[in-house]
$ cat my_file.txt   # compact mmCIF, C-alpha atoms and all ligand atoms
# COMPACT_ATOMS: atom_id res chain seq x y z
CA MET A 136 22.04 6.16 10.21
CA SER A 137 22.72 2.68 8.78
CA ASP A 138 25.61 0.25 9.27
CA GLY A 139 26.17 0.01 5.54
CA PRO A 140 23.92 -1.35 2.82
CA VAL A 141 21.48 -4.09 3.75
CA TYR A 142 21.52 -5.35 0.15
CA ASP A 143 24.22 -4.83 -2.49
CA LYS A 144 21.64 -4.56 -5.27
CA VAL A 145 17.89 -3.90 -5.07
CA ALA A 146 15.57 -4.09 -8.10
CA LEU A 147 12.30 -2.14 -8.05
CA ILE A 148 9.70 -3.44 -10.52
CA GLY A 149 6.93 -0.88 -11.12
CA LEU A 150 8.00 2.71 -10.46
CA GLY A 151 4.99 4.28 -8.75
CA LEU A 152 4.30 5.85 -5.36
CA ILE A 153 5.58 2.96 -3.27
CA ALA A 154 8.68 2.04 -5.30
CA SER A 155 9.76 5.66 -5.68
CA SER A 156 9.29 6.27 -1.94
CA MET A 157 11.37 3.14 -1.26
CA PHE A 158 14.10 4.48 -3.52
CA TRP A 159 14.25 7.89 -1.81
CA ALA A 160 13.99 6.43 1.70
CA GLY A 161 16.60 3.77 0.96
CA ARG A 162 18.99 6.22 -0.63
CA ARG A 163 18.77 8.59 2.30
CA ALA A 164 19.59 5.79 4.75
CA GLY A 165 22.19 4.09 2.52
CA LEU A 166 20.33 0.79 2.50
CA ALA A 167 21.32 -0.45 -0.97
CA GLY A 168 24.58 -0.41 -2.92
CA HIS A 169 22.76 -0.04 -6.23
CA VAL A 170 19.06 0.30 -7.10
CA SER A 171 17.84 -0.69 -10.54
CA GLY A 172 14.30 0.04 -11.68
CA TYR A 173 11.91 -1.09 -14.35
CA ALA A 174 8.53 0.30 -15.38
CA ARG A 175 6.25 -1.05 -18.07
CA THR A 176 5.79 2.14 -20.05
CA GLN A 177 8.47 4.13 -21.82
CA ALA A 178 6.91 7.34 -20.45
CA THR A 179 7.38 6.19 -16.84
CA ARG A 180 10.96 5.08 -17.53
CA ASP A 181 11.68 8.47 -19.13
CA THR A 182 10.24 10.31 -16.14
CA ALA A 183 12.25 8.13 -13.76
CA ARG A 184 15.46 8.96 -15.62
CA GLU A 185 14.62 12.68 -15.65
CA ILE A 186 14.06 12.89 -11.90
CA GLY A 187 16.98 10.63 -10.96
CA LEU A 188 14.78 7.84 -9.66
CA CYS A 189 16.97 4.71 -9.31
CA ASP A 190 20.68 4.38 -10.02
CA SER A 191 19.82 2.66 -13.31
CA VAL A 192 16.51 2.42 -15.17
CA CYS A 193 16.30 -0.70 -17.33
CA ASP A 194 14.20 -1.33 -20.44
CA SER A 195 13.24 -4.85 -19.33
CA ALA A 196 12.31 -6.46 -16.03
CA ALA A 197 14.84 -9.22 -16.78
CA ALA A 198 17.69 -6.70 -16.98
CA ALA A 199 16.57 -4.97 -13.77
CA VAL A 200 16.53 -8.13 -11.64
CA ALA A 201 19.83 -9.52 -12.99
CA ASP A 202 22.21 -9.99 -10.05
CA ALA A 203 19.76 -8.32 -7.61
CA ASP A 204 19.82 -9.47 -3.96
CA LEU A 205 16.35 -8.05 -3.32
CA VAL A 206 13.58 -7.79 -5.91
CA VAL A 207 10.54 -5.68 -4.97
CA LEU A 208 7.31 -6.19 -6.93
CA ALA A 209 5.55 -2.81 -6.70
CA VAL A 210 2.82 -3.16 -9.33
CA PRO A 211 -0.97 -3.43 -8.89
CA VAL A 212 -2.00 -6.69 -7.20
CA GLY A 213 -3.59 -8.03 -10.39
CA ALA A 214 -0.29 -7.69 -12.29
CA MET A 215 1.95 -9.48 -9.73
CA GLY A 216 1.63 -12.98 -11.24
CA ALA A 217 2.56 -11.93 -14.78
CA VAL A 218 5.53 -9.92 -13.53
CA ALA A 219 6.73 -12.87 -11.42
CA ALA A 220 6.54 -15.17 -14.47
CA GLU A 221 8.56 -12.67 -16.48
CA ILE A 222 11.40 -12.26 -13.97
CA ALA A 223 11.58 -15.84 -12.65
CA PRO A 224 14.22 -17.18 -15.10
CA HIS A 225 16.50 -14.22 -14.41
CA LEU A 226 16.60 -14.27 -10.59
CA LYS A 227 19.92 -14.70 -8.84
CA PRO A 228 20.17 -17.81 -6.62
CA GLY A 229 19.78 -16.81 -2.98
CA ALA A 230 17.93 -13.56 -3.82
CA THR A 231 14.88 -12.45 -1.85
CA VAL A 232 11.70 -11.57 -3.72
CA THR A 233 9.17 -9.41 -1.91
CA ASP A 234 6.11 -7.39 -2.90
CA VAL A 235 4.23 -4.41 -1.47
CA GLY A 236 0.70 -5.38 -2.55
CA SER A 237 -2.30 -4.39 -0.45
CA VAL A 238 -3.65 -7.96 -0.55
CA LYS A 239 -1.57 -10.94 0.49
CA ARG A 240 -3.31 -14.32 -0.10
CA ARG A 241 -3.84 -13.70 -3.81
CA VAL A 242 -0.30 -12.39 -4.32
CA ILE A 243 1.09 -15.51 -2.64
CA GLU A 244 -1.06 -17.71 -4.89
CA ASP A 245 -0.19 -15.77 -8.05
CA VAL A 246 3.54 -15.19 -7.47
CA GLY A 247 4.72 -18.21 -5.45
CA PRO A 248 4.29 -20.89 -8.14
CA HIS A 249 6.46 -18.97 -10.63
CA LEU A 250 9.48 -18.54 -8.35
CA PRO A 251 12.38 -21.01 -8.46
CA ASP A 252 13.33 -22.91 -5.29
CA HIS A 253 16.65 -21.08 -5.11
CA VAL A 254 15.06 -17.74 -4.06
CA HIS A 255 13.35 -16.65 -0.83
CA PHE A 256 9.82 -15.25 -1.12
CA VAL A 257 8.84 -12.87 1.69
CA PRO A 258 5.57 -11.05 0.88
CA GLY A 259 5.16 -7.62 2.47
CA HIS A 260 2.79 -4.67 2.79
CA PRO A 261 3.72 -1.18 4.00
CA LEU A 262 0.66 0.39 5.64
CA ALA A 263 1.48 3.78 4.23
CA GLY A 264 0.35 5.58 1.14
CA THR A 265 -1.40 8.57 -0.32
CA GLU A 266 -4.02 9.12 -2.99
CA HIS A 267 -1.26 10.00 -5.46
CA SER A 268 0.41 7.58 -7.86
CA GLY A 269 3.22 7.44 -10.38
CA PRO A 270 7.00 7.93 -10.24
CA GLU A 271 6.85 11.57 -9.18
CA SER A 272 4.59 10.99 -6.18
CA GLY A 273 7.12 9.30 -3.89
CA PHE A 274 8.93 10.83 -0.92
CA ALA A 275 11.54 9.60 1.55
CA THR A 276 9.45 9.92 4.71
CA LEU A 277 6.38 7.97 3.56
CA PHE A 278 7.17 4.93 5.71
CA ARG A 279 8.37 6.76 8.80
CA ASN A 280 6.50 5.58 11.92
CA ARG A 281 4.24 3.40 9.78
CA TRP A 282 3.76 -0.33 10.00
CA CYS A 283 5.10 -2.72 7.43
CA LEU A 284 3.63 -6.23 7.64
CA LEU A 285 5.69 -9.20 6.45
CA VAL A 286 3.86 -12.40 5.57
CA PRO A 287 6.46 -15.18 5.16
CA ALA A 288 5.27 -18.76 4.74
CA PRO A 289 6.26 -21.09 7.60
CA GLY A 290 9.74 -22.45 6.94
CA THR A 291 10.99 -19.35 5.10
CA SER A 292 14.67 -18.62 5.79
CA PRO A 293 14.78 -16.59 9.05
CA ASP A 294 17.87 -14.78 7.72
CA ALA A 295 15.99 -13.62 4.61
CA VAL A 296 13.09 -12.37 6.76
CA LEU A 297 15.42 -10.63 9.21
CA ARG A 298 17.28 -8.87 6.43
CA LEU A 299 14.06 -7.60 4.85
CA ARG A 300 12.94 -6.44 8.30
CA ARG A 301 16.18 -4.44 8.66
CA TYR A 302 15.58 -2.90 5.24
CA TRP A 303 12.09 -1.67 6.19
CA GLU A 304 13.27 -0.51 9.60
CA GLY A 305 16.03 1.43 7.84
CA MET A 306 13.28 3.24 5.91
CA GLY A 307 11.67 4.21 9.23
CA ALA A 308 8.92 1.58 9.39
CA GLN A 309 7.93 -0.64 12.29
CA VAL A 310 7.76 -4.26 11.19
CA ASP A 311 5.39 -7.03 12.26
CA GLU A 312 4.74 -10.50 10.89
CA MET A 313 1.25 -11.74 10.12
CA GLU A 314 -0.48 -14.70 8.49
CA ALA A 315 -1.91 -13.97 5.02
CA ASP A 316 -5.65 -14.58 5.60
CA HIS A 317 -5.56 -12.64 8.84
CA HIS A 318 -3.79 -9.79 7.05
CA ASP A 319 -6.50 -9.70 4.38
CA LEU A 320 -9.32 -9.60 6.93
CA VAL A 321 -7.65 -6.90 9.05
CA LEU A 322 -6.99 -4.78 5.95
CA ALA A 323 -10.55 -5.31 4.69
CA VAL A 324 -11.72 -3.67 7.96
CA THR A 325 -9.12 -0.93 8.28
CA SER A 326 -8.42 0.06 4.68
CA HIS A 327 -10.29 -1.69 1.87
CA THR A 328 -13.90 -1.25 3.03
CA PRO A 329 -13.28 2.36 4.16
CA HIS A 330 -12.00 3.11 0.66
CA LEU A 331 -15.11 1.55 -0.86
CA ILE A 332 -17.31 3.64 1.42
CA ALA A 333 -15.45 6.79 0.37
CA TYR A 334 -15.84 5.91 -3.31
CA THR A 335 -19.54 5.34 -2.71
CA MET A 336 -20.12 8.55 -0.78
CA VAL A 337 -18.43 10.67 -3.44
CA GLY A 338 -20.43 8.80 -6.09
CA VAL A 339 -23.67 9.52 -4.21
CA ALA A 340 -22.83 13.20 -3.93
CA ASP A 341 -22.03 13.28 -7.64
CA ASP A 342 -25.36 11.60 -8.45
CA MET A 343 -27.26 14.22 -6.47
CA ARG A 344 -26.40 16.92 -8.97
CA ARG A 345 -29.08 19.15 -7.51
CA VAL A 346 -26.94 19.46 -4.38
CA THR A 347 -23.51 19.01 -5.82
CA ASP A 348 -23.42 21.63 -8.54
CA SER A 349 -20.59 23.70 -7.12
CA GLU A 350 -22.14 23.61 -3.64
CA VAL A 351 -20.43 20.40 -2.62
CA ILE A 352 -17.09 21.94 -3.43
CA LYS A 353 -17.95 25.29 -1.93
CA TYR A 354 -19.39 24.07 1.35
CA SER A 355 -17.65 20.73 1.78
CA ALA A 356 -16.72 20.11 5.38
CA ALA A 357 -13.68 18.17 6.50
CA GLY A 358 -15.46 14.80 6.50
CA PHE A 359 -16.48 15.01 2.87
CA ARG A 360 -13.10 16.40 1.86
CA ASP A 361 -11.45 13.35 3.42
CA PHE A 362 -13.77 11.15 1.37
CA THR A 363 -12.87 12.99 -1.84
CA ARG A 364 -9.17 12.61 -1.10
CA ILE A 365 -9.50 8.87 -0.61
CA ALA A 366 -11.84 8.53 -3.61
CA ALA A 367 -9.14 10.14 -5.78
CA SER A 368 -6.92 7.06 -5.29
CA ASP A 369 -5.67 5.08 -8.28
CA PRO A 370 -8.57 3.23 -10.01
CA THR A 371 -6.45 0.30 -11.26
CA MET A 372 -4.89 -0.35 -7.88
CA TRP A 373 -8.22 -0.28 -6.06
CA ARG A 374 -10.08 -2.31 -8.67
CA ASP A 375 -7.45 -5.01 -8.12
CA VAL A 376 -7.71 -4.77 -4.32
CA PHE A 377 -11.46 -5.46 -4.36
CA LEU A 378 -11.25 -8.20 -6.99
CA THR A 379 -8.49 -10.00 -5.09
CA ASN A 380 -9.71 -9.51 -1.51
CA LYS A 381 -13.27 -10.38 -2.41
CA ASP A 382 -14.31 -12.67 0.46
CA ALA A 383 -12.99 -10.53 3.32
CA THR A 384 -14.34 -7.32 1.78
CA LEU A 385 -17.79 -8.86 1.25
CA GLU A 386 -17.80 -10.13 4.84
CA VAL A 387 -16.98 -6.68 6.23
CA LEU A 388 -19.45 -4.99 3.87
CA GLY A 389 -22.18 -7.35 5.10
CA ARG A 390 -21.51 -6.31 8.68
CA PHE A 391 -21.32 -2.67 7.64
CA THR A 392 -24.69 -2.66 5.92
CA GLU A 393 -26.30 -4.36 8.96
CA GLU A 394 -25.03 -1.58 11.21
CA LEU A 395 -26.03 1.06 8.68
CA PHE A 396 -29.58 -0.30 8.61
CA ALA A 397 -29.68 -0.23 12.44
CA LEU A 398 -28.63 3.43 12.42
CA GLN A 399 -31.07 4.21 9.60
CA ARG A 400 -33.87 2.68 11.64
CA ALA A 401 -32.83 4.67 14.73
CA ILE A 402 -33.00 7.89 12.72
CA ARG A 403 -36.41 6.97 11.26
CA THR A 404 -37.87 6.01 14.66
CA GLY A 405 -36.21 8.90 16.50
CA ASP A 406 -34.16 6.58 18.74
CA GLY A 407 -31.76 9.24 20.00
CA ALA A 408 -30.46 7.02 22.80
CA LEU A 409 -29.23 4.42 20.32
CA LEU A 410 -27.51 7.05 18.21
CA HIS A 411 -25.92 8.67 21.25
CA ASP A 412 -24.68 5.36 22.66
CA TYR A 413 -23.29 4.36 19.30
CA PHE A 414 -21.41 7.61 18.78
CA THR A 415 -20.09 7.50 22.36
CA ARG A 416 -18.62 4.05 21.70
CA THR A 417 -16.98 5.10 18.43
CA ARG A 418 -15.54 8.27 19.97
CA ALA A 419 -13.81 6.14 22.61
CA ILE A 420 -12.19 4.09 19.86
CA ARG A 421 -10.72 7.18 18.20
CA ARG A 422 -9.44 8.47 21.55
CA GLY A 423 -7.90 5.08 22.26
CA ILE A 424 -5.96 5.19 18.98
CA ILE A 425 -4.57 8.64 19.76
CA GLU A 426 -3.68 7.74 23.37
CA ALA A 427 -1.85 4.65 22.12
CA GLY A 428 0.21 7.01 19.91
CA GLN A 429 -0.85 5.13 16.80
CA ASP A 430 -2.34 8.01 14.87
CA THR A 431 0.67 9.41 13.10
CA ASP A 432 -1.54 11.95 11.33
CA ALA A 433 -2.78 13.51 14.55
CA PRO A 434 -1.76 17.18 14.71
CA ASP A 435 0.15 16.64 17.94
CA PHE A 436 2.25 13.84 16.50
CA GLY A 437 4.74 16.21 14.89
CA ARG A 438 4.44 14.63 11.47
CA ALA A 439 7.65 14.61 9.46
CA LYS A 440 7.95 17.16 6.69
CA VAL A 441 7.26 15.71 3.25
CA GLU A 442 10.54 15.76 1.37
CA ARG A 443 12.58 13.60 -0.94
N1 LIG A 501 -0.87 3.68 -3.10
C1 LIG A 501 -0.88 3.29 -1.86
O1 LIG A 501 -1.35 4.05 -1.02
C2 LIG A 501 -0.37 1.93 -1.49
C3 LIG A 501 -0.20 0.94 -2.45
N2 LIG A 501 0.24 -0.31 -2.08
C4 LIG A 501 0.40 -1.37 -3.09
O2 LIG A 501 1.61 -1.10 -3.77
C5 LIG A 501 1.52 -1.51 -5.13
C6 LIG A 501 1.94 -0.36 -6.01
O3 LIG A 501 1.09 0.73 -5.75
P1 LIG A 501 1.52 2.24 -6.10
O4 LIG A 501 2.98 2.41 -6.02
O5 LIG A 501 0.63 3.11 -5.32
O6 LIG A 501 1.04 2.27 -7.63
P2 LIG A 501 1.34 3.30 -8.80
O7 LIG A 501 0.12 3.31 -9.65
O8 LIG A 501 1.88 4.59 -8.29
O9 LIG A 501 2.51 2.52 -9.58
C7 LIG A 501 2.32 1.24 -10.11
C8 LIG A 501 3.43 0.92 -11.11
O10 LIG A 501 3.16 -0.36 -11.68
C9 LIG A 501 3.20 -0.28 -13.09
N3 LIG A 501 2.27 -1.26 -13.66
C10 LIG A 501 0.94 -1.19 -13.71
N4 LIG A 501 0.44 -2.28 -14.30
C11 LIG A 501 1.47 -3.05 -14.64
C12 LIG A 501 1.61 -4.30 -15.30
N5 LIG A 501 0.53 -4.95 -15.74
N6 LIG A 501 2.83 -4.79 -15.49
C13 LIG A 501 3.91 -4.11 -15.07
N7 LIG A 501 3.86 -2.93 -14.43
C14 LIG A 501 2.66 -2.41 -14.23
C15 LIG A 501 2.81 1.15 -13.40
O11 LIG A 501 3.24 1.54 -14.66
C16 LIG A 501 3.52 1.89 -12.27
O12 LIG A 501 4.88 2.07 -12.61
C17 LIG A 501 0.08 -1.99 -5.34
O13 LIG A 501 0.07 -3.41 -5.33
C18 LIG A 501 -0.67 -1.44 -4.15
O14 LIG A 501 -1.73 -2.30 -3.76
C19 LIG A 501 0.61 -0.60 -0.79
C20 LIG A 501 0.49 0.37 0.19
C21 LIG A 501 -0.05 1.68 -0.08
O1 LIG A 502 -4.14 7.26 1.71
C1 LIG A 502 -4.69 6.59 2.59
O2 LIG A 502 -5.53 7.06 3.36
C2 LIG A 502 -4.36 5.15 2.74
O3 LIG A 502 -5.11 4.44 3.34
C3 LIG A 502 -3.06 4.67 2.18
C4 LIG A 502 -2.97 3.21 1.94
C5 LIG A 502 -3.58 2.65 0.84
C6 LIG A 502 -3.45 1.30 0.58
C7 LIG A 502 -2.73 0.50 1.41
O4 LIG A 502 -2.62 -0.82 1.14
C8 LIG A 502 -2.10 1.02 2.52
C9 LIG A 502 -2.23 2.39 2.78

$ encode --input "my_file.txt" --output "C-alpha cells" --more "lines below"
Ligand SMILES: NC(=O)C1=CN([C@@H]2O[C@H](COP(=O)(O)OP(=O)(O)OC[C@H]3O[C@@H](n4cnc5c(N)ncnc54)[C@H](O)[C@@H]3O)[C@@H](O)[C@H]2O)C=CC1
Ligand SMILES: O=C(O)C(=O)Cc1ccc(O)cc1
Amino acid sequence: MSDGPVYDKVALIGLGLIASSMFWAGRRAGLAGHVSGYARTQATRDTAREIGLCDSVCDSAAAAVADADLVVLAVPVGAMGAVAAEIAPHLKPGATVTDVGSVKRRVIEDVGPHLPDHVHFVPGHPLAGTEHSGPESGFATLFRNRWCLLVPAPGTSPDAVLRLRRYWEGMGAQVDEMEADHHDLVLAVTSHTPHLIAYTMVGVADDMRRVTDSEVIKYSAAGFRDFTRIAASDPTMWRDVFLTNKDATLEVLGRFTEELFALQRAIRTGDGALLHDYFTRTRAIRRGIIEAGQDTDAPDFGRAKVER
C-alpha cells in the first residue's frame, strides 16, 4: 500500500494505546524502516518485548531517539515537557519531533523550548482512541477513517509537515492543519467536556447507592453504558487533559451549565414546547453528522474489524 518507508527510523516514546496502534498500523503499511520504543516502566518494556511491539525496545529514551528521523511523544500531556528535556540532547539534526497529546497549546509551551533549532517540531493529535490504555491495547485500524490534526507553528518546514502528513495518511487517517488555541477550544467542545460529563454522570449514579446497587448494572440502557465506557478512560491522561486545557474547558462548561439550567427550569415548569424544540434541534445535528458520513461508528459505516 505504501511507496516504501516514509521514515527510515521512528522512535515511539511512551508505549500505550496510541503508540502501540501507531506501531501496528505503520508496520502493516511499511511506513518505517525501523521502529524503536521506550517506556518508563520496566514492566511496560517487558510486555512490549513479549508481544513484539517495536523492532527494538530501549531502556532509555536517549537510546530510543538516537538516529531517529521521527520521534513521537506518546505520553500523558503533563509528562511531555520532562520527556522533551530528556531527549533533546540526543536528537538527530534534521529529525522531526511530533506528539499525539489531546491538548496542543500546553504541549507547545512545554516541549518547544527544550528542542534544539536543528529539529522540526510538528505537534499532532489523532482524533481516535478507546477507553483502554497500555501497550496491549493498540490495534492497526485505530486511525482508519479518523482525523489527525497537525498544529505546526507558522514557518515550520513544509517538507517536514508534508512527510508527517504522509505518515498519518499511510496509517489510514485524514489529516488537517489547525491553529493550537482553536484546536483546544474545538476539542473542549467535542471531546474534553463530554468526557467530564460522563465522569460526572457515572459518579452521580455511584453516589445514589439506593438506585445503583446492582440495578444500574442490571438495567442500564445504552446511554448510561456509553457513559460508563467513557468514564473508564485512563485517569492520568484525563487529569492532565483538564489541567492543561483549563480555560477552554471552563468556558464550555459554563455554557453547558447555562443550558442545563434552562432545561431544568423547563422540566420544573412543564414547558414541553421548549424541551421538544430543543430535542428536535439536537436530533438534526446527529442526522447531519451521519449524512455527512462523519460518524465512523454508525452501524452502516462498515467499521473495520479490530485487528493487529
Ligand atoms: N487514549 C486515547 O483515546 C487518546 C489519547 N491521546 C493522547 O495520547 C497520549 C498517550 O495516550 P495513551 O496512549 O492513551 O496513553 P497510555 O496510558 O495507554 O500510555 C501512556 C504511556 O506513557 C507512559 N508514561 C506515563 N507517564 C509518563 C512519564 N511521566 N514519563 C514517561 N512516560 C510516561 C506510560 O507508561 C505509557 O507507556 C496522551 O497525551 C493522550 O492525551 C490522543 C488521542 C486519543
Ligand atoms: O473513546 C472515545 O470515545 C474517545 O473520545 C477517544 C479519544 C480520546 C481522547 C482524544 O484526544 C481523542 C479521542

$ atom_distance --input "my_file.txt" --atom1 "atom C4 of ligand LIG 501 (chain A)" --atom2 "atom CA of A:Pro211"
6.3 Å

$ axis_aligned_box --input "my_file.txt" --around "ligand LIG 501 (chain A)" --padding-each-side "4 Å" --output "JSON"
{"center_x": 1.6, "center_y": -0.2, "center_z": -7.8, "size_x": 14.6, "size_y": 17.5, "size_z": 23.9}

$ residues_around --input "my_file.txt" --residues "A:Pro329" --least-positions-apart "3" --cutoff "12 Å" --atoms "all atoms listed in the file" --output "ChimeraX atom specification"
/A:321-326,332-336,361-362,365-366,373,377,384,387-388,391

$ residues_near_ligand --input "my_file.txt" --ligand "ligand LIG 502 (chain A)" --cutoff "7 Å" --atoms "only C-alpha atoms and all ligand atoms" --output "mmCIF file with C-alpha atoms, in the frame of the given file"
data_model
loop_
_atom_site.group_PDB
_atom_site.id
_atom_site.type_symbol
_atom_site.label_atom_id
_atom_site.label_comp_id
_atom_site.auth_asym_id
_atom_site.auth_seq_id
_atom_site.Cartn_x
_atom_site.Cartn_y
_atom_site.Cartn_z
ATOM 1 C CA GLY A 236 0.700 -5.380 -2.550
ATOM 2 C CA SER A 237 -2.300 -4.390 -0.450
ATOM 3 C CA HIS A 260 2.790 -4.670 2.790
ATOM 4 C CA PRO A 261 3.720 -1.180 4.000
ATOM 5 C CA LEU A 262 0.660 0.390 5.640
ATOM 6 C CA ALA A 263 1.480 3.780 4.230
ATOM 7 C CA GLY A 264 0.350 5.580 1.140
ATOM 8 C CA THR A 265 -1.400 8.570 -0.320
ATOM 9 C CA GLU A 266 -4.020 9.120 -2.990
ATOM 10 C CA SER A 326 -8.420 0.060 4.680
ATOM 11 C CA ILE A 365 -9.500 8.870 -0.610
#

$ atom_distance --input "my_file.txt" --atom1 "atom CA of A:Gly139" --atom2 "atom CA of A:Gly290"
27.9 Å

$ residues_near_ligand --input "my_file.txt" --ligand "ligand LIG 501 (chain A)" --cutoff "9 Å" --atoms "all atoms listed in the file" --output "PyMOL selection string"
chain A and resi 148-156+173-176+178-180+196+208-215+217-218+234-238+259-273+368-373+375-376

$ write_last_selection --input "my_file.txt" --atoms "C-alpha atoms" --output "short mmCIF file (atom, residue, chain, number, x, y, z; two decimals), in the coordinates of the input"
data_model
loop_
_atom_site.label_atom_id
_atom_site.label_comp_id
_atom_site.auth_asym_id
_atom_site.auth_seq_id
_atom_site.Cartn_x
_atom_site.Cartn_y
_atom_site.Cartn_z
CA ILE A 148 9.70 -3.44 -10.52
CA GLY A 149 6.93 -0.88 -11.12
CA LEU A 150 8.00 2.71 -10.46
CA GLY A 151 4.99 4.28 -8.75
CA LEU A 152 4.30 5.85 -5.36
CA ILE A 153 5.58 2.96 -3.27
CA ALA A 154 8.68 2.04 -5.30
CA SER A 155 9.76 5.66 -5.68
CA SER A 156 9.29 6.27 -1.94
CA TYR A 173 11.91 -1.09 -14.35
CA ALA A 174 8.53 0.30 -15.38
CA ARG A 175 6.25 -1.05 -18.07
CA THR A 176 5.79 2.14 -20.05
CA ALA A 178 6.91 7.34 -20.45
CA THR A 179 7.38 6.19 -16.84
CA ARG A 180 10.96 5.08 -17.53
CA ALA A 196 12.31 -6.46 -16.03
CA LEU A 208 7.31 -6.19 -6.93
CA ALA A 209 5.55 -2.81 -6.70
CA VAL A 210 2.82 -3.16 -9.33
CA PRO A 211 -0.97 -3.43 -8.89
CA VAL A 212 -2.00 -6.69 -7.20
CA GLY A 213 -3.59 -8.03 -10.39
CA ALA A 214 -0.29 -7.69 -12.29
CA MET A 215 1.95 -9.48 -9.73
CA ALA A 217 2.56 -11.93 -14.78
CA VAL A 218 5.53 -9.92 -13.53
CA ASP A 234 6.11 -7.39 -2.90
CA VAL A 235 4.23 -4.41 -1.47
CA GLY A 236 0.70 -5.38 -2.55
CA SER A 237 -2.30 -4.39 -0.45
CA VAL A 238 -3.65 -7.96 -0.55
CA GLY A 259 5.16 -7.62 2.47
CA HIS A 260 2.79 -4.67 2.79
CA PRO A 261 3.72 -1.18 4.00
CA LEU A 262 0.66 0.39 5.64
CA ALA A 263 1.48 3.78 4.23
CA GLY A 264 0.35 5.58 1.14
CA THR A 265 -1.40 8.57 -0.32
CA GLU A 266 -4.02 9.12 -2.99
CA HIS A 267 -1.26 10.00 -5.46
CA SER A 268 0.41 7.58 -7.86
CA GLY A 269 3.22 7.44 -10.38
CA PRO A 270 7.00 7.93 -10.24
CA GLU A 271 6.85 11.57 -9.18
CA SER A 272 4.59 10.99 -6.18
CA GLY A 273 7.12 9.30 -3.89
CA SER A 368 -6.92 7.06 -5.29
CA ASP A 369 -5.67 5.08 -8.28
CA PRO A 370 -8.57 3.23 -10.01
CA THR A 371 -6.45 0.30 -11.26
CA MET A 372 -4.89 -0.35 -7.88
CA TRP A 373 -8.22 -0.28 -6.06
CA ASP A 375 -7.45 -5.01 -8.12
CA VAL A 376 -7.71 -4.77 -4.32
#

$ closest_residue --input "my_file.txt" --among "A:Cys283, A:Ala427, A:Val337, A:Val206" --to "A:Ala219" --atoms "only C-alpha atoms"
A:Val206

$ closest_residue --input "my_file.txt" --among "A:Gly389, A:Pro228, A:Pro289, A:Gly307" --to "A:Thr328" --atoms "only C-alpha atoms"
A:Gly389

$ residues_around --input "my_file.txt" --residues "A:Asp204" --least-positions-apart "6" --cutoff "7 Å" --atoms "only C-alpha atoms" --output "list in words"
Tyr142, Asp143, Lys144, Val145, Ala230 and Thr231 of chain A

$ atom_distance --input "my_file.txt" --atom1 "atom CA of A:Leu285" --atom2 "atom CA of A:Gly187"
28.7 Å

$ closest_residue --input "my_file.txt" --among "A:Glu394, A:Asp181, A:Asp294, A:Glu314" --to "A:Ile243" --atoms "all atoms listed in the file"
A:Glu314

$ build_atoms --input "my_file.txt" --residues "stretch 159-172 of chain A" --atoms "N, CA and C atoms" --output "PDB file, keeping the file's coordinate frame"
ATOM      1  N   TRP A 159      13.777   6.687  -2.526  1.00  0.00           N
ATOM      2  CA  TRP A 159      14.250   7.890  -1.810  1.00  0.00           C
ATOM      3  C   TRP A 159      14.589   7.574  -0.366  1.00  0.00           C
ATOM      4  N   ALA A 160      13.751   6.774   0.284  1.00  0.00           N
ATOM      5  CA  ALA A 160      13.990   6.430   1.700  1.00  0.00           C
ATOM      6  C   ALA A 160      15.262   5.591   1.829  1.00  0.00           C
ATOM      7  N   GLY A 161      15.436   4.646   0.900  1.00  0.00           N
ATOM      8  CA  GLY A 161      16.600   3.770   0.960  1.00  0.00           C
ATOM      9  C   GLY A 161      17.890   4.514   0.656  1.00  0.00           C
ATOM     10  N   ARG A 162      17.796   5.458  -0.273  1.00  0.00           N
ATOM     11  CA  ARG A 162      18.990   6.220  -0.630  1.00  0.00           C
ATOM     12  C   ARG A 162      19.432   7.094   0.546  1.00  0.00           C
ATOM     13  N   ARG A 163      18.451   7.714   1.176  1.00  0.00           N
ATOM     14  CA  ARG A 163      18.770   8.590   2.300  1.00  0.00           C
ATOM     15  C   ARG A 163      19.472   7.825   3.426  1.00  0.00           C
ATOM     16  N   ALA A 164      19.030   6.586   3.644  1.00  0.00           N
ATOM     17  CA  ALA A 164      19.590   5.790   4.750  1.00  0.00           C
ATOM     18  C   ALA A 164      20.735   4.879   4.294  1.00  0.00           C
ATOM     19  N   GLY A 165      21.084   4.919   3.024  1.00  0.00           N
ATOM     20  CA  GLY A 165      22.190   4.090   2.520  1.00  0.00           C
ATOM     21  C   GLY A 165      21.929   2.600   2.641  1.00  0.00           C
ATOM     22  N   LEU A 166      20.714   2.184   2.270  1.00  0.00           N
ATOM     23  CA  LEU A 166      20.330   0.790   2.500  1.00  0.00           C
ATOM     24  C   LEU A 166      20.695  -0.153   1.368  1.00  0.00           C
ATOM     25  N   ALA A 167      21.021   0.402   0.187  1.00  0.00           N
ATOM     26  CA  ALA A 167      21.320  -0.450  -0.970  1.00  0.00           C
ATOM     27  C   ALA A 167      22.554   0.090  -1.700  1.00  0.00           C
ATOM     28  N   GLY A 168      23.408  -0.831  -2.168  1.00  0.00           N
ATOM     29  CA  GLY A 168      24.580  -0.410  -2.920  1.00  0.00           C
ATOM     30  C   GLY A 168      24.180   0.186  -4.266  1.00  0.00           C
ATOM     31  N   HIS A 169      23.220  -0.491  -4.913  1.00  0.00           N
ATOM     32  CA  HIS A 169      22.760  -0.040  -6.230  1.00  0.00           C
ATOM     33  C   HIS A 169      21.273  -0.368  -6.335  1.00  0.00           C
ATOM     34  N   VAL A 170      20.492   0.555  -6.891  1.00  0.00           N
ATOM     35  CA  VAL A 170      19.060   0.300  -7.100  1.00  0.00           C
ATOM     36  C   VAL A 170      18.761   0.397  -8.591  1.00  0.00           C
ATOM     37  N   SER A 171      18.283  -0.716  -9.148  1.00  0.00           N
ATOM     38  CA  SER A 171      17.840  -0.690 -10.540  1.00  0.00           C
ATOM     39  C   SER A 171      16.318  -0.628 -10.541  1.00  0.00           C
ATOM     40  N   GLY A 172      15.762  -0.076 -11.609  1.00  0.00           N
ATOM     41  CA  GLY A 172      14.300   0.040 -11.680  1.00  0.00           C
ATOM     42  C   GLY A 172      13.796  -0.331 -13.047  1.00  0.00           C
TER      43      GLY A 172
END
